[in-house]
file model25.pdb (PDB, C-alpha atoms)
MODEL        1
ATOM      1  CA  MET A 195     131.892  63.942  73.150  1.00  0.00           C
ATOM      2  CA  ASN A 196     130.334  60.638  74.144  1.00  0.00           C
ATOM      3  CA  GLU A 197     130.642  57.495  72.037  1.00  0.00           C
ATOM      4  CA  GLN A 198     126.950  57.410  71.099  1.00  0.00           C
ATOM      5  CA  HIS A 199     126.979  60.959  69.756  1.00  0.00           C
ATOM      6  CA  HIS A 200     130.276  60.276  67.992  1.00  0.00           C
ATOM      7  CA  SER A 201     128.781  57.248  66.245  1.00  0.00           C
ATOM      8  CA  GLU A 202     125.635  59.093  65.137  1.00  0.00           C
ATOM      9  CA  HIS A 203     127.766  61.908  63.756  1.00  0.00           C
ATOM     10  CA  ASP A 204     129.938  59.399  61.873  1.00  0.00           C
ATOM     11  CA  VAL A 205     126.945  57.532  60.456  1.00  0.00           C
ATOM     12  CA  THR A 206     125.486  60.828  59.171  1.00  0.00           C
ATOM     13  CA  ALA A 207     128.859  61.669  57.604  1.00  0.00           C
ATOM     14  CA  ILE A 208     129.011  58.206  55.988  1.00  0.00           C
ATOM     15  CA  LEU A 209     125.562  58.631  54.419  1.00  0.00           C
ATOM     16  CA  LYS A 210     126.619  62.020  53.015  1.00  0.00           C
ATOM     17  CA  ILE A 211     129.751  60.470  51.452  1.00  0.00           C
ATOM     18  CA  ILE A 212     127.648  57.652  49.936  1.00  0.00           C
ATOM     19  CA  ASP A 213     125.409  60.296  48.326  1.00  0.00           C
ATOM     20  CA  GLU A 214     128.508  61.928  46.821  1.00  0.00           C
ATOM     21  CA  LEU A 215     129.862  58.545  45.643  1.00  0.00           C
ATOM     22  CA  ASN A 216     126.578  57.974  43.818  1.00  0.00           C
ATOM     23  CA  THR A 217     127.338  60.991  41.598  1.00  0.00           C
ATOM     24  CA  LEU A 218     130.706  59.553  40.462  1.00  0.00           C
ATOM     25  CA  LYS A 219     130.946  57.498  37.277  1.00  0.00           C
ATOM     26  CA  ASP A 220     134.585  56.436  36.928  1.00  0.00           C
ATOM     27  CA  VAL A 221     135.593  53.358  38.916  1.00  0.00           C
ATOM     28  CA  ASP A 222     139.106  54.663  39.714  1.00  0.00           C
ATOM     29  CA  THR A 223     137.654  57.903  41.086  1.00  0.00           C
ATOM     30  CA  ILE A 224     135.220  55.846  43.187  1.00  0.00           C
ATOM     31  CA  LEU A 225     137.999  53.575  44.557  1.00  0.00           C
ATOM     32  CA  ASP A 226     140.167  56.596  45.319  1.00  0.00           C
ATOM     33  CA  ARG A 227     137.380  58.292  47.281  1.00  0.00           C
ATOM     34  CA  ILE A 228     136.322  55.134  49.150  1.00  0.00           C
ATOM     35  CA  LEU A 229     139.892  54.425  50.216  1.00  0.00           C
ATOM     36  CA  PHE A 230     140.497  58.045  51.216  1.00  0.00           C
ATOM     37  CA  GLU A 231     137.288  58.269  53.289  1.00  0.00           C
ATOM     38  CA  SER A 232     137.863  54.854  54.904  1.00  0.00           C
ATOM     39  CA  ARG A 233     141.371  55.900  55.906  1.00  0.00           C
ATOM     40  CA  ARG A 234     139.978  59.140  57.300  1.00  0.00           C
ATOM     41  CA  LEU A 235     137.353  57.266  59.354  1.00  0.00           C
ATOM     42  CA  ALA A 236     140.064  54.956  60.718  1.00  0.00           C
ATOM     43  CA  ASN A 237     142.865  57.554  60.831  1.00  0.00           C
ATOM     44  CA  ALA A 238     144.993  55.097  58.836  1.00  0.00           C
ATOM     45  CA  ASP A 239     148.291  55.983  57.190  1.00  0.00           C
ATOM     46  CA  ALA A 240     147.836  53.708  54.193  1.00  0.00           C
ATOM     47  CA  GLY A 241     145.456  51.377  52.439  1.00  0.00           C
ATOM     48  CA  SER A 242     144.766  49.359  49.329  1.00  0.00           C
ATOM     49  CA  ILE A 243     141.821  47.834  47.510  1.00  0.00           C
ATOM     50  CA  PHE A 244     141.837  44.431  45.812  1.00  0.00           C
ATOM     51  CA  LEU A 245     139.026  43.643  43.380  1.00  0.00           C
ATOM     52  CA  ILE A 246     137.856  40.215  42.181  1.00  0.00           C
ATOM     53  CA  PRO A 247     137.209  40.436  38.436  1.00  0.00           C
ATOM     54  CA  GLU A 248     137.138  36.652  38.186  1.00  0.00           C
ATOM     55  CA  ASP A 249     138.529  34.102  40.632  1.00  0.00           C
ATOM     56  CA  GLU A 250     141.454  35.908  42.236  1.00  0.00           C
ATOM     57  CA  LEU A 251     142.160  39.167  44.038  1.00  0.00           C
ATOM     58  CA  VAL A 252     143.711  41.852  41.833  1.00  0.00           C
ATOM     59  CA  PHE A 253     145.559  44.776  43.411  1.00  0.00           C
ATOM     60  CA  SER A 254     143.571  47.765  42.115  1.00  0.00           C
ATOM     61  CA  TYR A 255     144.288  50.858  44.206  1.00  0.00           C
ATOM     62  CA  VAL A 256     146.759  52.066  46.832  1.00  0.00           C
ATOM     63  CA  GLN A 257     147.288  55.154  48.994  1.00  0.00           C
ATOM     64  CA  ASN A 258     150.119  55.728  51.473  1.00  0.00           C
ATOM     65  CA  ASP A 259     150.652  59.101  53.190  1.00  0.00           C
ATOM     66  CA  THR A 260     154.144  58.223  54.382  1.00  0.00           C
ATOM     67  CA  LEU A 261     155.452  57.094  50.998  1.00  0.00           C
ATOM     68  CA  PHE A 262     153.444  58.904  48.307  1.00  0.00           C
ATOM     69  CA  ASP A 263     151.604  62.178  48.150  1.00  0.00           C
ATOM     70  CA  HIS A 264     147.907  61.944  47.288  1.00  0.00           C
ATOM     71  CA  GLN A 265     148.428  63.079  43.701  1.00  0.00           C
ATOM     72  CA  THR A 266     150.669  60.177  42.733  1.00  0.00           C
ATOM     73  CA  GLY A 267     148.920  56.943  43.612  1.00  0.00           C
ATOM     74  CA  ARG A 268     151.095  53.922  42.940  1.00  0.00           C
ATOM     75  CA  ALA A 269     148.479  51.444  41.741  1.00  0.00           C
ATOM     76  CA  ALA A 270     150.204  51.264  38.342  1.00  0.00           C
ATOM     77  CA  LEU A 271     153.256  49.644  39.941  1.00  0.00           C
ATOM     78  CA  TYR A 272     151.127  46.746  41.074  1.00  0.00           C
ATOM     79  CA  GLN A 273     148.834  46.216  38.121  1.00  0.00           C
ATOM     80  CA  ASP A 274     149.988  42.646  37.692  1.00  0.00           C
ATOM     81  CA  LEU A 275     149.837  41.777  41.391  1.00  0.00           C
ATOM     82  CA  LYS A 276     147.304  39.019  41.843  1.00  0.00           C
ATOM     83  CA  VAL A 277     146.582  37.159  45.071  1.00  0.00           C
ATOM     84  CA  PRO A 278     144.848  33.766  45.084  1.00  0.00           C
ATOM     85  CA  ILE A 279     141.709  33.526  47.215  1.00  0.00           C
ATOM     86  CA  THR A 280     143.078  31.147  49.843  1.00  0.00           C
ATOM     87  CA  HIS A 281     143.582  31.303  53.607  1.00  0.00           C
ATOM     88  CA  ASP A 282     147.353  31.886  53.105  1.00  0.00           C
ATOM     89  CA  SER A 283     147.090  35.687  52.810  1.00  0.00           C
ATOM     90  CA  ILE A 284     145.239  38.233  54.953  1.00  0.00           C
ATOM     91  CA  VAL A 285     143.171  39.526  52.007  1.00  0.00           C
ATOM     92  CA  GLY A 286     142.504  35.996  50.739  1.00  0.00           C
ATOM     93  CA  HIS A 287     141.340  34.889  54.189  1.00  0.00           C
ATOM     94  CA  THR A 288     139.085  37.971  54.437  1.00  0.00           C
ATOM     95  CA  ALA A 289     137.566  37.193  51.020  1.00  0.00           C
ATOM     96  CA  LEU A 290     136.898  33.558  51.944  1.00  0.00           C
ATOM     97  CA  THR A 291     135.428  34.191  55.400  1.00  0.00           C
ATOM     98  CA  ARG A 292     133.690  37.447  54.360  1.00  0.00           C
ATOM     99  CA  GLU A 293     134.539  38.738  57.839  1.00  0.00           C
ATOM    100  CA  PRO A 294     136.755  41.698  58.797  1.00  0.00           C
ATOM    101  CA  VAL A 295     140.243  40.815  60.066  1.00  0.00           C
ATOM    102  CA  SER A 296     142.013  43.103  62.514  1.00  0.00           C
ATOM    103  CA  ILE A 297     145.703  42.602  63.297  1.00  0.00           C
ATOM    104  CA  ALA A 298     147.610  44.517  65.975  1.00  0.00           C
ATOM    105  CA  ASP A 299     151.107  43.694  64.677  1.00  0.00           C
ATOM    106  CA  ALA A 300     151.701  42.173  61.235  1.00  0.00           C
ATOM    107  CA  TYR A 301     155.150  40.915  62.295  1.00  0.00           C
ATOM    108  CA  ASP A 302     153.805  39.210  65.406  1.00  0.00           C
ATOM    109  CA  LEU A 303     150.740  37.284  64.265  1.00  0.00           C
ATOM    110  CA  PRO A 304     148.862  35.031  66.693  1.00  0.00           C
ATOM    111  CA  ALA A 305     149.934  31.374  66.386  1.00  0.00           C
ATOM    112  CA  ASP A 306     146.419  30.170  65.521  1.00  0.00           C
ATOM    113  CA  VAL A 307     145.816  32.215  62.340  1.00  0.00           C
ATOM    114  CA  PRO A 308     146.082  30.412  58.961  1.00  0.00           C
ATOM    115  CA  PHE A 309     147.548  33.370  57.056  1.00  0.00           C
ATOM    116  CA  LYS A 310     151.010  34.898  56.759  1.00  0.00           C
ATOM    117  CA  PHE A 311     151.942  38.542  56.286  1.00  0.00           C
ATOM    118  CA  ASN A 312     153.603  39.318  52.939  1.00  0.00           C
ATOM    119  CA  THR A 313     156.591  41.546  53.740  1.00  0.00           C
ATOM    120  CA  SER A 314     157.556  42.365  50.120  1.00  0.00           C
ATOM    121  CA  PHE A 315     155.961  45.848  50.042  1.00  0.00           C
ATOM    122  CA  ASP A 316     157.686  46.842  53.298  1.00  0.00           C
ATOM    123  CA  GLU A 317     161.012  45.526  52.055  1.00  0.00           C
ATOM    124  CA  GLU A 318     160.758  47.287  48.702  1.00  0.00           C
ATOM    125  CA  TYR A 319     159.776  50.681  50.100  1.00  0.00           C
ATOM    126  CA  GLY A 320     161.377  50.675  53.544  1.00  0.00           C
ATOM    127  CA  TYR A 321     157.902  50.876  55.097  1.00  0.00           C
ATOM    128  CA  ARG A 322     156.825  49.299  58.379  1.00  0.00           C
ATOM    129  CA  THR A 323     153.351  47.780  58.436  1.00  0.00           C
ATOM    130  CA  ILE A 324     152.124  47.293  62.006  1.00  0.00           C
ATOM    131  CA  SER A 325     148.335  47.337  62.403  1.00  0.00           C
ATOM    132  CA  ILE A 326     146.055  46.032  59.649  1.00  0.00           C
ATOM    133  CA  LEU A 327     142.286  46.088  59.140  1.00  0.00           C
ATOM    134  CA  ALA A 328     141.000  44.034  56.186  1.00  0.00           C
ATOM    135  CA  ILE A 329     137.341  44.508  55.229  1.00  0.00           C
ATOM    136  CA  PRO A 330     135.366  42.497  52.651  1.00  0.00           C
ATOM    137  CA  LEU A 331     133.612  44.680  50.045  1.00  0.00           C
ATOM    138  CA  LEU A 332     130.157  43.118  49.970  1.00  0.00           C
ATOM    139  CA  THR A 333     127.087  44.439  48.176  1.00  0.00           C
ATOM    140  CA  MET A 334     123.728  44.405  49.962  1.00  0.00           C
ATOM    141  CA  GLU A 335     122.837  41.298  47.912  1.00  0.00           C
ATOM    142  CA  GLY A 336     125.919  39.561  49.293  1.00  0.00           C
ATOM    143  CA  ARG A 337     128.140  39.709  46.197  1.00  0.00           C
ATOM    144  CA  LEU A 338     131.829  39.935  47.094  1.00  0.00           C
ATOM    145  CA  LEU A 339     133.566  42.581  44.966  1.00  0.00           C
ATOM    146  CA  GLY A 340     136.919  42.555  46.717  1.00  0.00           C
ATOM    147  CA  VAL A 341     138.775  43.408  49.921  1.00  0.00           C
ATOM    148  CA  MET A 342     139.932  46.739  51.325  1.00  0.00           C
ATOM    149  CA  GLN A 343     142.993  46.710  53.558  1.00  0.00           C
ATOM    150  CA  LEU A 344     143.790  49.650  55.859  1.00  0.00           C
ATOM    151  CA  ILE A 345     147.248  49.917  57.377  1.00  0.00           C
ATOM    152  CA  ASN A 346     148.709  51.620  60.474  1.00  0.00           C
ATOM    153  CA  ALA A 347     145.998  53.364  62.474  1.00  0.00           C
ATOM    154  CA  LYS A 348     147.392  56.492  64.144  1.00  0.00           C
ATOM    155  CA  ASP A 349     146.598  58.123  67.476  1.00  0.00           C
ATOM    156  CA  GLU A 350     146.529  61.913  67.970  1.00  0.00           C
ATOM    157  CA  ASP A 351     150.305  62.001  68.464  1.00  0.00           C
ATOM    158  CA  GLY A 352     150.999  60.079  65.265  1.00  0.00           C
ATOM    159  CA  ASN A 353     151.891  56.801  66.979  1.00  0.00           C
ATOM    160  CA  THR A 354     150.723  53.599  65.288  1.00  0.00           C
ATOM    161  CA  ILE A 355     148.005  51.811  67.258  1.00  0.00           C
ATOM    162  CA  PRO A 356     145.686  48.826  66.610  1.00  0.00           C
ATOM    163  CA  PHE A 357     142.325  49.462  64.906  1.00  0.00           C
ATOM    164  CA  ASP A 358     139.624  49.499  67.602  1.00  0.00           C
ATOM    165  CA  GLU A 359     136.220  47.789  67.463  1.00  0.00           C
ATOM    166  CA  GLU A 360     134.287  51.018  66.805  1.00  0.00           C
ATOM    167  CA  THR A 361     136.526  51.794  63.805  1.00  0.00           C
ATOM    168  CA  LYS A 362     136.060  48.237  62.522  1.00  0.00           C
ATOM    169  CA  ALA A 363     132.257  48.612  62.731  1.00  0.00           C
ATOM    170  CA  LEU A 364     132.212  52.071  61.103  1.00  0.00           C
ATOM    171  CA  VAL A 365     134.525  51.169  58.222  1.00  0.00           C
ATOM    172  CA  SER A 366     132.552  47.945  57.608  1.00  0.00           C
ATOM    173  CA  LEU A 367     129.300  49.938  57.507  1.00  0.00           C
ATOM    174  CA  PHE A 368     130.842  52.397  55.055  1.00  0.00           C
ATOM    175  CA  ALA A 369     132.435  49.680  52.882  1.00  0.00           C
ATOM    176  CA  ASN A 370     129.196  47.713  52.570  1.00  0.00           C
ATOM    177  CA  ASN A 371     127.260  50.816  51.550  1.00  0.00           C
ATOM    178  CA  ALA A 372     130.013  51.930  49.169  1.00  0.00           C
ATOM    179  CA  ALA A 373     130.395  48.525  47.460  1.00  0.00           C
ATOM    180  CA  VAL A 374     127.364  49.128  45.248  1.00  0.00           C
ATOM    181  CA  THR A 375     129.017  52.273  43.832  1.00  0.00           C
ATOM    182  CA  ILE A 376     132.128  50.216  42.960  1.00  0.00           C
ATOM    183  CA  GLU A 377     129.917  47.656  41.228  1.00  0.00           C
ATOM    184  CA  ARG A 378     128.211  50.421  39.238  1.00  0.00           C
ATOM    185  CA  GLY A 379     131.596  51.937  38.306  1.00  0.00           C
ATOM    186  CA  ILE A 380     132.826  48.562  37.025  1.00  0.00           C
ATOM    187  CA  MET A 381     129.632  48.112  34.977  1.00  0.00           C
ATOM    188  CA  ASN A 382     130.029  51.631  33.522  1.00  0.00           C
ATOM    189  CA  ARG A 383     133.600  50.885  32.496  1.00  0.00           C
ATOM    190  CA  GLU A 384     132.596  47.582  30.858  1.00  0.00           C
ATOM    191  CA  LEU A 385     129.762  49.312  29.007  1.00  0.00           C
ATOM    192  CA  ILE A 386     132.124  52.028  27.710  1.00  0.00           C
ATOM    193  CA  LEU A 387     134.679  49.402  26.589  1.00  0.00           C
ATOM    194  CA  ARG A 388     131.948  47.425  24.810  1.00  0.00           C
ATOM    195  CA  MET A 389     130.678  50.542  23.041  1.00  0.00           C
ATOM    196  CA  MET A 390     134.227  51.444  21.985  1.00  0.00           C
ATOM    197  CA  SER A 391     134.889  47.976  20.554  1.00  0.00           C
ATOM    198  CA  MET A 392     131.565  48.075  18.702  1.00  0.00           C
ATOM    199  CA  ALA A 393     132.477  51.475  17.244  1.00  0.00           C
ATOM    200  CA  GLU A 394     135.837  50.065  16.113  1.00  0.00           C
ATOM    201  CA  LEU A 395     134.074  47.161  14.387  1.00  0.00           C
ATOM    202  CA  ARG A 396     131.886  49.632  12.451  1.00  0.00           C
ATOM    203  CA  ASP A 397     134.841  51.749  11.280  1.00  0.00           C
TER     204      ASP A 397
ENDMDL
END

call {"tool": "encode", "arguments": {"input": "model25.pdb", "output": "structure tokens"}}
result
Amino acid sequence: MNEQHHSEHDVTAILKIIDELNTLKDVDTILDRILFESRRLANADAGSIFLIPEDELVFSYVQNDTLFDHQTGRAALYQDLKVPITHDSIVGHTALTREPVSIADAYDLPADVPFKFNTSFDEEYGYRTISILAIPLLTMEGRLLGVMQLINAKDEDGNTIPFDEETKALVSLFANNAAVTIERGIMNRELILRMMSMAELRD
């Protein structure tokens, strides 16, 4: 299968997933599906999504095939994990530059990058992060909702490899189209919370 055909097939698949995302209401369900489909596009072992409710990145969703099965996401463990939007972290740098960041080996970063890799997750869970792809979640109007980070791309034999340029382009295309569904999910949740608090005031 040539690259061109492969790309057209992937773009068609992405548009179909976006259609399905548009039927979902709950923001957690939307994040779960976006992360799952992005990991499938990239053949990535793990991933997480950070959202920006105000002026910092908040760890909002995580999947990791090696450590957790799909039914037991571990986002709850990290509900208080907040990352400042600075160039010190990979996700912070991605949020500031609004450009994807691809890293071949997290433990062997190029000397000229401003960010450091936070090893605490690996140390706590005995995991080994190698390749990383961080993608800004931008709406079509250019609003930054957060950053998605994919970890450890795999080849057909299960070896960890760097994320290639085609994967970077495809996941970026998907993330940008999916960002609007995240925004809608957040608005739905806020609307429901407002309605609930109004109902409580009436009681």

call {"tool": "closest_residue", "arguments": {"input": "model25.pdb", "among": "A:Gln343, A:Val307, A:Met334, A:Glu202", "to": "A:Val256", "atoms": "all atoms listed in the file"}}
result
A:Gln343

call {"tool": "resolve_selection", "arguments": {"input": "model25.pdb", "expression": "the PyMOL selection byres ((chain A and resi 243) around 8)", "output": "list in words"}}
result
Leu225, Leu229, Gly241, Ser242, Phe244, Leu245, Phe253, Ser254, Tyr255, Val256, Gly340, Val341, Met342 and Gln343 of chain A

call {"tool": "resolve_selection", "arguments": {"input": "model25.pdb", "expression": "the PyMOL selection byres ((chain A and resi 260) around 10)", "output": "PDB file with C-alpha atoms, keeping the file's coordinate frame"}}
result
ATOM      1  CA  ASP A 239     148.291  55.983  57.190  1.00  0.00           C
ATOM      2  CA  ALA A 240     147.836  53.708  54.193  1.00  0.00           C
ATOM      3  CA  GLN A 257     147.288  55.154  48.994  1.00  0.00           C
ATOM      4  CA  ASN A 258     150.119  55.728  51.473  1.00  0.00           C
ATOM      5  CA  ASP A 259     150.652  59.101  53.190  1.00  0.00           C
ATOM      6  CA  LEU A 261     155.452  57.094  50.998  1.00  0.00           C
ATOM      7  CA  PHE A 262     153.444  58.904  48.307  1.00  0.00           C
ATOM      8  CA  ASP A 263     151.604  62.178  48.150  1.00  0.00           C
ATOM      9  CA  TYR A 321     157.902  50.876  55.097  1.00  0.00           C
TER      10      TYR A 321
END

call {"tool": "closest_residue", "arguments": {"input": "model25.pdb", "among": "A:Ser391, A:Thr361, A:Asn370, A:Asn312", "to": "A:Leu338", "atoms": "all atoms listed in the file"}}
result
A:Asn370

call {"tool": "residues_around", "arguments": {"input": "model25.pdb", "residues": "A:Glu250", "least_positions_apart": "4", "cutoff": "8 Å", "atoms": "all atoms listed in the file", "output": "number ranges by chain"}}
result
A: 246, 276-279

call {"tool": "resolve_selection", "arguments": {"input": "model25.pdb", "expression": "the PyMOL selection byres ((chain A and resi 328) around 8)", "output": "list in words"}}
result
Ile284, Val285, Thr288, Pro294, Val295, Ser296, Ile326, Leu327, Ile329, Pro330, Val341, Met342, Gln343 and Leu344 of chain A

call {"tool": "atom_distance", "arguments": {"input": "model25.pdb", "atom1": "atom CA of A:Thr333", "atom2": "atom CA of A:Ala373"}}
result
5.3 Å

call {"tool": "build_atoms", "arguments": {"input": "model25.pdb", "residues": "stretch 221-251 of chain A", "atoms": "N, CA and C atoms", "output": "CSV table (one decimal), in the frame of the given file"}}
result
chain,number,residue,atom,x,y,z
A,221,VAL,N,135.3,54.3,37.8
A,221,VAL,CA,135.6,53.4,38.9
A,221,VAL,C,136.9,53.7,39.7
A,222,ASP,N,137.9,54.3,39.0
A,222,ASP,CA,139.1,54.7,39.7
A,222,ASP,C,138.8,55.8,40.7
A,223,THR,N,138.0,56.8,40.2
A,223,THR,CA,137.7,57.9,41.1
A,223,THR,C,136.9,57.4,42.3
A,224,ILE,N,136.0,56.4,42.1
A,224,ILE,CA,135.2,55.8,43.2
A,224,ILE,C,136.1,55.1,44.2
A,225,LEU,N,137.1,54.3,43.7
A,225,LEU,CA,138.0,53.6,44.6
A,225,LEU,C,138.9,54.5,45.4
A,226,ASP,N,139.3,55.6,44.7
A,226,ASP,CA,140.2,56.6,45.3
A,226,ASP,C,139.4,57.2,46.5
A,227,ARG,N,138.2,57.6,46.3
A,227,ARG,CA,137.4,58.3,47.3
A,227,ARG,C,137.0,57.3,48.4
A,228,ILE,N,136.7,56.1,48.1
A,228,ILE,CA,136.3,55.1,49.2
A,228,ILE,C,137.5,54.9,50.1
A,229,LEU,N,138.7,54.7,49.4
A,229,LEU,CA,139.9,54.4,50.2
A,229,LEU,C,140.3,55.6,51.1
A,230,PHE,N,140.2,56.8,50.5
A,230,PHE,CA,140.5,58.0,51.2
A,230,PHE,C,139.6,58.2,52.4
A,231,GLU,N,138.3,58.1,52.2
A,231,GLU,CA,137.3,58.3,53.3
A,231,GLU,C,137.4,57.2,54.4
A,232,SER,N,137.7,55.9,53.9
A,232,SER,CA,137.9,54.9,54.9
A,232,SER,C,139.1,55.1,55.8
A,233,ARG,N,140.2,55.6,55.1
A,233,ARG,CA,141.4,55.9,55.9
A,233,ARG,C,141.1,57.1,56.9
A,234,ARG,N,140.3,58.0,56.4
A,234,ARG,CA,140.0,59.1,57.3
A,234,ARG,C,139.2,58.7,58.5
A,235,LEU,N,138.2,57.8,58.3
A,235,LEU,CA,137.4,57.3,59.4
A,235,LEU,C,138.2,56.5,60.4
A,236,ALA,N,139.2,55.8,59.9
A,236,ALA,CA,140.1,55.0,60.7
A,236,ALA,C,141.4,55.6,61.2
A,237,ASN,N,141.6,56.8,60.6
A,237,ASN,CA,142.9,57.6,60.8
A,237,ASN,C,144.0,56.6,60.5
A,238,ALA,N,144.0,56.1,59.3
A,238,ALA,CA,145.0,55.1,58.8
A,238,ALA,C,146.0,55.8,57.9
A,239,ASP,N,147.2,55.4,58.0
A,239,ASP,CA,148.3,56.0,57.2
A,239,ASP,C,148.2,55.5,55.7
A,240,ALA,N,147.8,54.3,55.5
A,240,ALA,CA,147.8,53.7,54.2
A,240,ALA,C,146.7,52.8,54.0
A,241,GLY,N,146.5,52.3,52.7
A,241,GLY,CA,145.5,51.4,52.4
A,241,GLY,C,145.5,50.9,51.0
A,242,SER,N,144.8,49.8,50.7
A,242,SER,CA,144.8,49.4,49.3
A,242,SER,C,143.4,48.6,49.1
A,243,ILE,N,143.0,48.6,47.9
A,243,ILE,CA,141.8,47.8,47.5
A,243,ILE,C,142.2,46.8,46.5
A,244,PHE,N,141.7,45.6,46.7
A,244,PHE,CA,141.8,44.4,45.8
A,244,PHE,C,140.4,44.1,45.3
A,245,LEU,N,140.3,44.0,44.0
A,245,LEU,CA,139.0,43.6,43.4
A,245,LEU,C,139.1,42.2,42.9
A,246,ILE,N,137.9,41.6,42.7
A,246,ILE,CA,137.9,40.2,42.2
A,246,ILE,C,137.2,40.2,40.8
A,247,PRO,N,137.9,40.5,39.7
A,247,PRO,CA,137.2,40.4,38.4
A,247,PRO,C,136.8,39.0,38.1
A,248,GLU,N,137.6,38.0,38.5
A,248,GLU,CA,137.1,36.7,38.2
A,248,GLU,C,137.3,35.8,39.4
A,249,ASP,N,138.4,35.0,39.5
A,249,ASP,CA,138.5,34.1,40.6
A,249,ASP,C,139.8,34.3,41.4
A,250,GLU,N,140.3,35.6,41.4
A,250,GLU,CA,141.5,35.9,42.2
A,250,GLU,C,141.4,37.4,42.6
A,251,LEU,N,142.1,37.8,43.6
A,251,LEU,CA,142.2,39.2,44.0
A,251,LEU,C,143.2,39.9,43.2
